file protein-v9.csv (CSV, C-alpha atoms)
chain,number,residue,atom,x,y,z
A,1,MET,CA,34.0,41.8,-6.6
A,2,LEU,CA,33.5,42.5,-2.9
A,3,GLY,CA,33.3,46.2,-3.6
A,4,LEU,CA,30.6,45.6,-6.2
A,5,LEU,CA,28.5,43.6,-3.7
A,6,VAL,CA,28.9,46.2,-1.0
A,7,ALA,CA,27.8,48.9,-3.4
A,8,LEU,CA,24.7,46.9,-4.3
A,9,LEU,CA,23.8,46.1,-0.7
A,10,SER,CA,24.2,49.8,0.2
A,11,ALA,CA,22.0,50.8,-2.7
A,12,VAL,CA,19.2,48.6,-1.3
A,13,VAL,CA,19.5,50.1,2.1
A,14,TYR,CA,19.6,53.6,0.6
A,15,THR,CA,16.4,52.9,-1.4
A,16,VAL,CA,14.5,51.8,1.7
A,17,GLY,CA,15.3,55.1,3.3
A,18,LEU,CA,14.5,57.0,0.1
A,19,SER,CA,11.1,55.4,-0.2
A,20,VAL,CA,10.2,56.3,3.4
A,21,GLU,CA,11.3,59.9,2.8
A,22,GLN,CA,9.2,60.1,-0.3
A,23,ARG,CA,6.0,59.0,1.5
A,24,ALA,CA,6.7,61.5,4.3
A,25,LEU,CA,7.3,64.4,1.9
A,26,HIS,CA,4.2,63.7,-0.2
A,27,GLY,CA,2.1,64.3,2.9
A,28,SER,CA,3.9,67.4,4.2
A,29,GLU,CA,3.9,71.1,3.5
A,30,SER,CA,5.6,72.4,0.4
A,31,ILE,CA,9.4,73.1,0.8
A,32,SER,CA,11.7,75.4,-1.0
A,33,ILE,CA,15.5,76.1,-1.0
A,34,ASN,CA,14.6,79.8,-0.9
A,35,ARG,CA,13.0,79.3,2.6
A,36,PRO,CA,15.8,77.3,4.4
A,37,LEU,CA,14.5,77.7,8.0
A,38,HIS,CA,11.0,76.6,7.0
A,39,LEU,CA,12.5,73.7,5.0
A,40,ALA,CA,14.5,72.5,8.0
A,41,ARG,CA,11.5,72.7,10.3
A,42,VAL,CA,9.3,70.7,8.0
A,43,LEU,CA,11.9,68.0,7.5
A,44,LEU,CA,13.3,67.7,11.0
A,45,THR,CA,9.9,67.7,12.8
A,46,ASN,CA,8.6,64.8,10.6
A,47,PRO,CA,9.6,61.5,12.4
A,48,ARG,CA,9.0,59.4,9.3
A,49,TRP,CA,11.3,61.6,7.2
A,50,VAL,CA,14.0,61.4,9.9
A,51,PHE,CA,13.7,57.6,10.0
A,52,GLY,CA,14.1,57.4,6.2
A,53,CYS,CA,17.0,59.8,6.3
A,54,VAL,CA,18.9,57.6,8.8
A,55,PHE,CA,18.5,54.6,6.4
A,56,ALA,CA,19.6,56.6,3.5
A,57,ALA,CA,22.7,57.8,5.4
A,58,LEU,CA,23.6,54.2,6.2
A,59,GLY,CA,23.4,53.4,2.5
A,60,SER,CA,25.7,56.3,1.8
A,61,ILE,CA,28.2,55.0,4.4
A,62,GLY,CA,28.2,51.7,2.6
A,63,LEU,CA,29.0,53.4,-0.6
A,64,ILE,CA,32.1,55.0,1.1
A,65,VAL,CA,33.3,51.6,2.1
A,66,SER,CA,32.7,50.2,-1.4
A,67,LEU,CA,34.7,53.0,-3.0
A,68,GLY,CA,37.7,52.0,-0.9
A,69,LEU,CA,37.4,48.4,-2.1
A,70,ALA,CA,36.8,48.9,-5.9
A,71,PRO,CA,37.7,51.4,-8.6
A,72,VAL,CA,35.3,54.4,-8.7
A,73,SER,CA,34.3,53.4,-12.3
A,74,VAL,CA,32.9,50.1,-10.9
A,75,ALA,CA,31.5,51.0,-7.4
A,76,GLN,CA,29.8,54.2,-8.3
A,77,PRO,CA,27.9,52.9,-11.4
A,78,ALA,CA,26.9,49.8,-9.5
A,79,TYR,CA,25.5,51.8,-6.7
A,80,ALA,CA,23.6,54.1,-9.0
A,81,ALA,CA,22.2,51.1,-11.0
A,82,GLY,CA,21.2,49.4,-7.8
A,83,VAL,CA,19.3,52.4,-6.6
A,84,SER,CA,17.5,52.8,-9.9
A,85,CYS,CA,16.4,49.2,-10.1
A,86,SER,CA,15.3,49.1,-6.4
A,87,LEU,CA,13.2,52.2,-6.8
A,88,LEU,CA,11.4,50.9,-9.8
A,89,VAL,CA,10.7,47.6,-7.9
A,90,VAL,CA,9.4,49.6,-5.0
A,91,THR,CA,7.2,51.6,-7.3
A,92,LEU,CA,5.7,48.5,-8.7
A,93,VAL,CA,5.1,47.0,-5.3
A,94,LEU,CA,3.3,50.2,-4.2
A,95,GLY,CA,1.0,49.8,-7.2
A,96,GLU,CA,2.1,52.9,-9.2
A,97,ARG,CA,2.3,52.8,-12.9
A,98,ILE,CA,5.7,53.0,-14.7
A,99,THR,CA,6.4,53.6,-18.3
A,100,ARG,CA,7.6,51.2,-21.0
A,101,GLY,CA,11.0,52.9,-20.8
A,102,GLU,CA,11.2,52.3,-17.1
A,103,TYR,CA,10.4,48.6,-17.7
A,104,VAL,CA,13.3,48.5,-20.2
A,105,ALA,CA,15.5,50.2,-17.5
A,106,LEU,CA,14.8,47.3,-15.2
A,107,GLY,CA,16.2,45.0,-17.9
A,108,VAL,CA,19.1,47.1,-18.8
A,109,MET,CA,20.5,47.6,-15.3
A,110,PRO,CA,21.3,43.9,-14.6
A,111,VAL,CA,23.2,43.8,-17.9
A,112,ALA,CA,25.2,46.9,-16.9
A,113,LEU,CA,26.0,45.3,-13.5
A,114,GLY,CA,27.1,42.1,-15.2
A,115,LEU,CA,29.5,44.0,-17.5
A,116,LEU,CA,31.0,45.9,-14.6
A,117,SER,CA,31.4,42.7,-12.6
A,118,LEU,CA,33.2,41.0,-15.5
A,119,SER,CA,35.5,44.0,-16.0
A,120,THR,CA,37.0,43.3,-12.5
A,121,ALA,CA,37.8,39.7,-13.2
A,122,ALA,CA,41.4,40.3,-14.1
A,123,GLY,CA,41.9,42.6,-11.0
A,124,ALA,CA,41.7,46.4,-10.9
A,125,LYS,CA,43.8,49.2,-9.5
A,126,THR,CA,41.9,51.1,-6.8
A,127,GLY,CA,43.1,54.7,-6.2
A,128,THR,CA,43.2,55.7,-2.6
A,129,THR,CA,45.1,59.0,-2.6
A,130,ALA,CA,43.8,62.2,-4.3
A,131,ASP,CA,45.3,65.4,-5.5
A,132,ARG,CA,43.9,67.2,-2.4
A,133,PRO,CA,44.2,70.9,-3.5
A,134,LEU,CA,42.5,70.1,-6.8
A,135,LEU,CA,39.8,68.0,-5.1
A,136,ILE,CA,39.0,70.9,-2.7
A,137,LEU,CA,38.8,73.4,-5.6
A,138,VAL,CA,36.6,71.1,-7.7
A,139,SER,CA,34.3,70.3,-4.8
A,140,ILE,CA,33.7,73.8,-3.7
A,141,ILE,CA,33.1,75.2,-7.2
A,142,THR,CA,30.6,72.4,-7.9
A,143,VAL,CA,28.5,73.0,-4.8
A,144,VAL,CA,28.5,76.8,-5.3
A,145,VAL,CA,27.4,76.5,-8.9
A,146,CYS,CA,24.5,74.1,-8.0
A,147,VAL,CA,23.2,76.4,-5.3
A,148,ALA,CA,23.6,79.6,-7.3
A,149,ALA,CA,21.9,78.2,-10.5
A,150,VAL,CA,18.8,76.9,-8.7
A,151,GLY,CA,18.6,79.9,-6.3
A,152,VAL,CA,18.8,82.4,-9.2
A,153,ALA,CA,16.3,80.6,-11.3
A,154,GLY,CA,13.8,80.4,-8.3
A,155,ARG,CA,14.2,84.1,-7.5
A,156,ARG,CA,13.5,85.1,-11.1
A,157,GLY,CA,10.2,83.3,-10.9
A,158,SER,CA,11.3,80.5,-13.3
A,159,TYR,CA,9.9,77.1,-12.5
A,160,VAL,CA,12.7,74.6,-11.8
A,161,SER,CA,11.4,71.1,-12.7
A,162,ALA,CA,11.9,68.1,-10.4
A,163,ALA,CA,14.3,66.6,-13.0
A,164,ALA,CA,16.4,69.8,-13.2
A,165,MET,CA,16.4,70.0,-9.4
A,166,GLY,CA,17.4,66.4,-9.2
A,167,ALA,CA,20.3,67.0,-11.7
A,168,ALA,CA,21.6,69.8,-9.5
A,169,ALA,CA,21.3,67.6,-6.4
A,170,GLY,CA,23.2,64.9,-8.3
A,171,LEU,CA,26.2,67.2,-8.9
A,172,ALA,CA,26.2,68.2,-5.2
A,173,GLN,CA,26.0,64.5,-4.2
A,174,GLY,CA,28.7,63.7,-6.7
A,175,SER,CA,31.0,66.2,-4.9
A,176,ALA,CA,30.2,64.4,-1.7
A,177,GLY,CA,31.0,61.1,-3.5
A,178,LEU,CA,34.5,62.3,-4.2
A,179,GLN,CA,35.1,62.8,-0.5
A,180,GLY,CA,33.6,59.4,0.1
A,181,LYS,CA,36.2,58.0,-2.2
A,182,GLY,CA,38.9,59.7,-0.2
A,183,LEU,CA,37.5,58.4,3.1
A,184,GLY,CA,37.2,54.9,1.6
A,185,GLY,CA,40.8,55.1,0.5
A,186,LEU,CA,41.9,56.0,4.1
A,187,LEU,CA,39.9,53.0,5.4
A,188,ALA,CA,41.5,50.7,2.9
A,189,ASP,CA,45.0,51.9,3.6
A,190,HIS,CA,44.8,52.2,7.5
A,191,GLY,CA,41.9,50.1,8.7
A,192,LEU,CA,38.9,51.4,10.6
A,193,MET,CA,40.5,52.5,13.9
A,194,ASP,CA,43.8,53.7,12.5
A,195,ALA,CA,42.0,55.8,9.8
A,196,ILE,CA,40.1,58.0,12.4
A,197,VAL,CA,42.8,60.5,13.0
A,198,PRO,CA,43.9,60.8,9.3
A,199,ALA,CA,40.3,61.2,8.3
A,200,LEU,CA,39.5,64.0,10.8
A,201,SER,CA,42.7,65.8,9.8
A,202,SER,CA,41.8,65.6,6.1
A,203,PRO,CA,39.3,67.8,4.2
A,204,TYR,CA,37.1,64.8,3.3
A,205,PRO,CA,34.6,64.6,6.1
A,206,TYR,CA,33.9,68.4,6.1
A,207,LEU,CA,33.6,68.7,2.3
A,208,TYR,CA,31.4,65.5,2.4
A,209,ALA,CA,29.1,67.2,4.9
A,210,LEU,CA,28.9,70.3,2.7
A,211,GLY,CA,28.1,68.4,-0.5
A,212,TRP,CA,25.7,66.1,1.3
A,213,ALA,CA,23.8,68.9,3.0
A,214,VAL,CA,23.4,70.9,-0.2
A,215,GLY,CA,22.5,67.7,-2.2
A,216,ILE,CA,19.9,66.5,0.3
A,217,VAL,CA,18.1,69.9,0.4
A,218,LEU,CA,18.0,70.0,-3.4
A,219,PHE,CA,17.0,66.4,-3.7
A,220,GLN,CA,14.2,66.5,-1.0
A,221,THR,CA,12.7,69.5,-2.9
A,222,SER,CA,12.7,67.5,-6.1
A,223,LEU,CA,11.4,64.4,-4.4
A,224,GLN,CA,8.4,66.3,-3.1
A,225,ARG,CA,7.4,67.2,-6.6
A,226,SER,CA,7.7,63.8,-8.2
A,227,ARG,CA,8.2,60.2,-7.4
A,228,ALA,CA,11.6,58.8,-6.4
A,229,SER,CA,11.9,56.5,-9.4
A,230,ILE,CA,11.9,59.6,-11.6
A,231,THR,CA,14.1,62.1,-9.6
A,232,ALA,CA,16.6,59.6,-8.1
A,233,PRO,CA,17.8,58.1,-11.4
A,234,VAL,CA,18.4,61.6,-12.8
A,235,ALA,CA,20.3,62.6,-9.6
A,236,ASN,CA,22.2,59.3,-9.6
A,237,VAL,CA,23.2,59.4,-13.3
A,238,VAL,CA,24.4,63.0,-13.2
A,239,GLY,CA,26.3,62.4,-9.9
A,240,ASN,CA,27.5,59.1,-11.3
A,241,VAL,CA,29.1,60.6,-14.4
A,242,PHE,CA,30.6,63.5,-12.3
A,243,THR,CA,32.1,61.2,-9.6
A,244,VAL,CA,33.5,58.6,-12.0
A,245,VAL,CA,35.1,61.1,-14.4
A,246,ALA,CA,36.4,63.4,-11.7
A,247,GLY,CA,37.3,60.5,-9.4
A,248,MET,CA,39.4,58.8,-12.0
A,249,ILE,CA,41.3,62.0,-12.6
A,250,LEU,CA,41.8,63.1,-9.0
A,251,PHE,CA,42.7,59.6,-7.7
A,252,GLY,CA,44.8,58.6,-10.6
A,253,GLU,CA,42.8,55.5,-11.6
A,254,GLN,CA,43.0,54.1,-15.0
A,255,LEU,CA,40.9,51.7,-17.1
A,256,PRO,CA,42.1,48.1,-17.3
A,257,ASP,CA,45.0,47.3,-19.6
A,258,ASP,CA,43.2,44.5,-21.3
A,259,PRO,CA,41.1,46.0,-24.1
A,260,VAL,CA,38.3,43.4,-23.5
A,261,MET,CA,38.2,44.4,-19.8
A,262,THR,CA,38.2,48.1,-20.8
A,263,ALA,CA,35.3,47.5,-23.3
A,264,LEU,CA,33.3,45.7,-20.6
A,265,ARG,CA,33.9,48.5,-18.1
A,266,VAL,CA,33.0,51.3,-20.5
A,267,GLY,CA,30.0,49.4,-21.7
A,268,GLY,CA,28.7,48.8,-18.2
A,269,PHE,CA,29.2,52.4,-17.3
A,270,ALA,CA,27.4,53.6,-20.5
A,271,LEU,CA,24.4,51.4,-19.8
A,272,THR,CA,24.0,52.9,-16.4
A,273,LEU,CA,23.6,56.3,-18.2
A,274,VAL,CA,20.8,55.0,-20.4
A,275,VAL,CA,18.3,55.2,-17.6
A,276,ILE,CA,18.2,59.0,-17.7
A,277,VAL,CA,16.9,58.7,-21.3
A,278,LEU,CA,14.4,56.0,-20.4
A,279,VAL,CA,12.8,58.0,-17.5
A,280,ARG,CA,13.1,61.5,-18.8
A,281,GLY,CA,9.9,61.5,-20.9
A,282,ASN,CA,7.7,60.7,-17.9
A,283,VAL,CA,8.8,63.5,-15.6
A,284,ALA,CA,6.0,66.0,-16.4
A,285,GLN,CA,3.3,63.3,-15.9
A,286,ALA,CA,4.8,62.1,-12.7
A,287,GLU,CA,4.9,65.7,-11.3
A,288,ALA,CA,1.3,66.2,-12.2
A,289,ASP,CA,0.2,62.9,-10.6
A,290,THR,CA,2.2,63.7,-7.5
A,291,GLY,CA,0.7,67.2,-7.3
A,292,ARG,CA,-2.8,65.8,-7.3
A,293,ARG,CA,-1.9,63.3,-4.6
A,294,ARG,CA,-0.3,65.9,-2.4
A,295,GLU,CA,-3.3,68.3,-2.9
A,296,ALA,CA,-5.6,65.5,-1.7
A,297,ALA,CA,-3.3,64.7,1.3
A,298,VAL,CA,-2.3,68.2,2.4
A,299,GLY,CA,-5.6,69.9,1.4
A,300,ALA,CA,-3.9,72.8,-0.5
A,301,PRO,CA,-3.2,73.1,-4.2
A,302,GLU,CA,0.4,72.9,-5.3
A,303,LYS,CA,1.7,75.7,-7.5
A,304,GLY,CA,4.4,75.5,-10.0
A,305,THR,CA,6.9,77.7,-8.3
A,306,ASP,CA,9.9,77.3,-6.0
A,307,GLY,CA,8.8,79.5,-3.2

call {"tool": "encode", "arguments": {"input": "protein-v9.csv", "output": "C-alpha cells"}}
result
Amino acid sequence: MLGLLVALLSAVVYTVGLSVEQRALHGSESISINRPLHLARVLLTNPRWVFGCVFAALGSIGLIVSLGLAPVSVAQPAYAAGVSCSLLVVTLVLGERITRGEYVALGVMPVALGLLSLSTAAGAKTGTTADRPLLILVSIITVVVCVAAVGVAGRRGSYVSAAAMGAAAGLAQGSAGLQGKGLGGLLADHGLMDAIVPALSSPYPYLYALGWAVGIVLFQTSLQRSRASITAPVANVVGNVFTVVAGMILFGEQLPDDPVMTALRVGGFALTLVVIVLVRGNVAQAEADTGRRREAAVGAPEKGTDG
C-alpha cells in the first residue's frame, strides 16, 4: 500500500513539472529531434522549462522509490493513472476543453487505482534483482529502435504526429523505468546509504540516463505540438505496458496466487490502458488548437513537419 501511495504522490509532483514545461514550450521556438543542438539551446535557455524539468525529475525519482516498495504491476500503473488524472484536472483548471472520452477517463482511473490497491491486500512479492544481461540488451534495443524509427520518418518528410512521437517517448521512458525498478530494488535491499556503491557499479543509472534523455527529447517534441493531457497518457500507457510486462519477466515477479487478487490486479492494469482509447480521437484537434495558440504566441506559423 505504501508503494501505491508513493507512486500517486510522485505522479502529482511530475504533473506539476509537466504542466510548467508545456506552458514554456507553447511559447518557444519549434524544436525537432533532427536538430539536437538547436533543441538543447531552446530548452536549456528557457528558465520556465528548466524549472518544470526539475519538478518532473523529482516525480520520476519518487517512482523509483515506489518500484522498490511495490510490484511493478502495481506501482507503474498507479503512477501512469495518477499522471493522466492529474493532467486532465490541470487542463480543466486552465479552462481548456476536454472531450467526453476524457471525462470518462477521469472516472475510470480511480476505479483502476482501487482495483490495484485491493490486489495488494493479501501481500505481494516485489522483485528486486533482475537478469542484468537480458535487461541491458532489451533496454539498448528499445532506445535504438525508438530513435531510428522517428528519425527515419522525419528525414523522409513524413509527418510524425504528437501521439506517435509520444508513443516512442513512452517506450524510451519505459526502458528507463526498468532501470528505475533496478535502482528501487537496491534501495529496498540495502537502504539509502548502503545502496550508493552497488548502484554506481551497476548498469542501472547509466541506462536510466540514456532512456530518460531519449525519452525527454521525444516527449518534449510531442508536447510542443499538443497539450499534455493528450500526449502524456499515450506516452504513459505505452511505457506502462512495456515496463510492467518486461519488468515482471526481468525481475521474476508473478501475479498473486489468489485468483481473486489476480483478477483485481489484471483488471486494474487493463483499465489504466483504456485511457489511450479515450483520448486518441482528440489528438488531431488538440494539435490544431495548439498550433493556433503557438502561432499567436511566437508570431510564426507552425508547419506539419519534424524539421

call {"tool": "closest_residue", "arguments": {"input": "protein-v9.csv", "among": "A:Ser28, A:Leu8, A:Ala57, A:Leu2", "to": "Arg41 of chain A", "atoms": "only C-alpha atoms"}}
result
A:Ser28

call {"tool": "closest_residue", "arguments": {"input": "protein-v9.csv", "among": "A:Val245, A:Ile196, A:Ala81, A:Val143", "to": "Trp212 of chain A", "atoms": "all atoms listed in the file"}}
result
A:Val143

call {"tool": "closest_residue", "arguments": {"input": "protein-v9.csv", "among": "A:Ile61, A:Ile98, A:Ala172, A:Ile141", "to": "Asn236 of chain A", "atoms": "only C-alpha atoms"}}
result
A:Ala172

call {"tool": "closest_residue", "arguments": {"input": "protein-v9.csv", "among": "A:Pro133, A:Gly114, A:Pro47, A:Gly82", "to": "Val16 of chain A", "atoms": "all atoms listed in the file"}}
result
A:Gly82

call {"tool": "closest_residue", "arguments": {"input": "protein-v9.csv", "among": "A:Ser10, A:Thr221, A:Ser84, A:Asn240", "to": "Val65 of chain A", "atoms": "all atoms listed in the file"}}
result
A:Ser10

call {"tool": "residues_near_point", "arguments": {"input": "protein-v9.csv", "point": "(35.7, 56.1, -3.2)", "cutoff": "6 Å", "atoms": "only C-alpha atoms", "output": "VMD selection string"}}
result
chain A and resid 64 67 to 68 72 180 to 182 184

call {"tool": "closest_residue", "arguments": {"input": "protein-v9.csv", "among": "A:Gln220, A:Thr129, A:Gln179, A:Ser119", "to": "Asp258 of chain A", "atoms": "only C-alpha atoms"}}
result
A:Ser119

call {"tool": "residues_near_point", "arguments": {"input": "protein-v9.csv", "point": "(29.6, 53.7, -14.7)", "cutoff": "10 Å", "atoms": "only C-alpha atoms", "output": "ChimeraX atom specification"}}
result
/A:72-81,112-113,116,237,240-241,243-245,265-273

call {"tool": "atom_distance", "arguments": {"input": "protein-v9.csv", "atom1": "atom CA of Gly191 of chain A", "atom2": "atom CA of Phe251 of chain A"}}
result
19.0 Å

call {"tool": "atom_distance", "arguments": {"input": "protein-v9.csv", "atom1": "atom CA of Leu187 of chain A", "atom2": "atom CA of Ala7 of chain A"}}
result
15.5 Å

call {"tool": "residues_around", "arguments": {"input": "protein-v9.csv", "residues": "segment 207-211 of chain A", "least_positions_apart": "6", "cutoff": "9 Å", "atoms": "all atoms listed in the file", "output": "PDB file with C-alpha atoms, keeping the file's coordinate frame"}}
result
ATOM      1  CA  ILE A 136      39.000  70.900  -2.700  1.00  0.00           C
ATOM      2  CA  SER A 139      34.300  70.300  -4.800  1.00  0.00           C
ATOM      3  CA  ILE A 140      33.700  73.800  -3.700  1.00  0.00           C
ATOM      4  CA  THR A 142      30.600  72.400  -7.900  1.00  0.00           C
ATOM      5  CA  VAL A 143      28.500  73.000  -4.800  1.00  0.00           C
ATOM      6  CA  LEU A 171      26.200  67.200  -8.900  1.00  0.00           C
ATOM      7  CA  ALA A 172      26.200  68.200  -5.200  1.00  0.00           C
ATOM      8  CA  GLN A 173      26.000  64.500  -4.200  1.00  0.00           C
ATOM      9  CA  GLY A 174      28.700  63.700  -6.700  1.00  0.00           C
ATOM     10  CA  SER A 175      31.000  66.200  -4.900  1.00  0.00           C
ATOM     11  CA  ALA A 176      30.200  64.400  -1.700  1.00  0.00           C
ATOM     12  CA  GLY A 177      31.000  61.100  -3.500  1.00  0.00           C
ATOM     13  CA  LEU A 178      34.500  62.300  -4.200  1.00  0.00           C
ATOM     14  CA  GLN A 179      35.100  62.800  -0.500  1.00  0.00           C
ATOM     15  CA  GLY A 180      33.600  59.400   0.100  1.00  0.00           C
TER      16      GLY A 180
END

call {"tool": "atom_distance", "arguments": {"input": "protein-v9.csv", "atom1": "atom CA of Glu21 of chain A", "atom2": "atom CA of Val147 of chain A"}}
result
21.9 Å

call {"tool": "residues_around", "arguments": {"input": "protein-v9.csv", "residues": "segment 216-218 of chain A", "least_positions_apart": "6", "cutoff": "7 Å", "atoms": "only C-alpha atoms", "output": "PyMOL selection string"}}
result
chain A and resi 33+165-166+169

call {"tool": "residues_around", "arguments": {"input": "protein-v9.csv", "residues": "Leu87 of chain A", "least_positions_apart": "2", "cutoff": "8 Å", "atoms": "all atoms listed in the file", "output": "PyMOL selection string"}}
result
chain A and resi 15+19+83-85+89-91+228-229
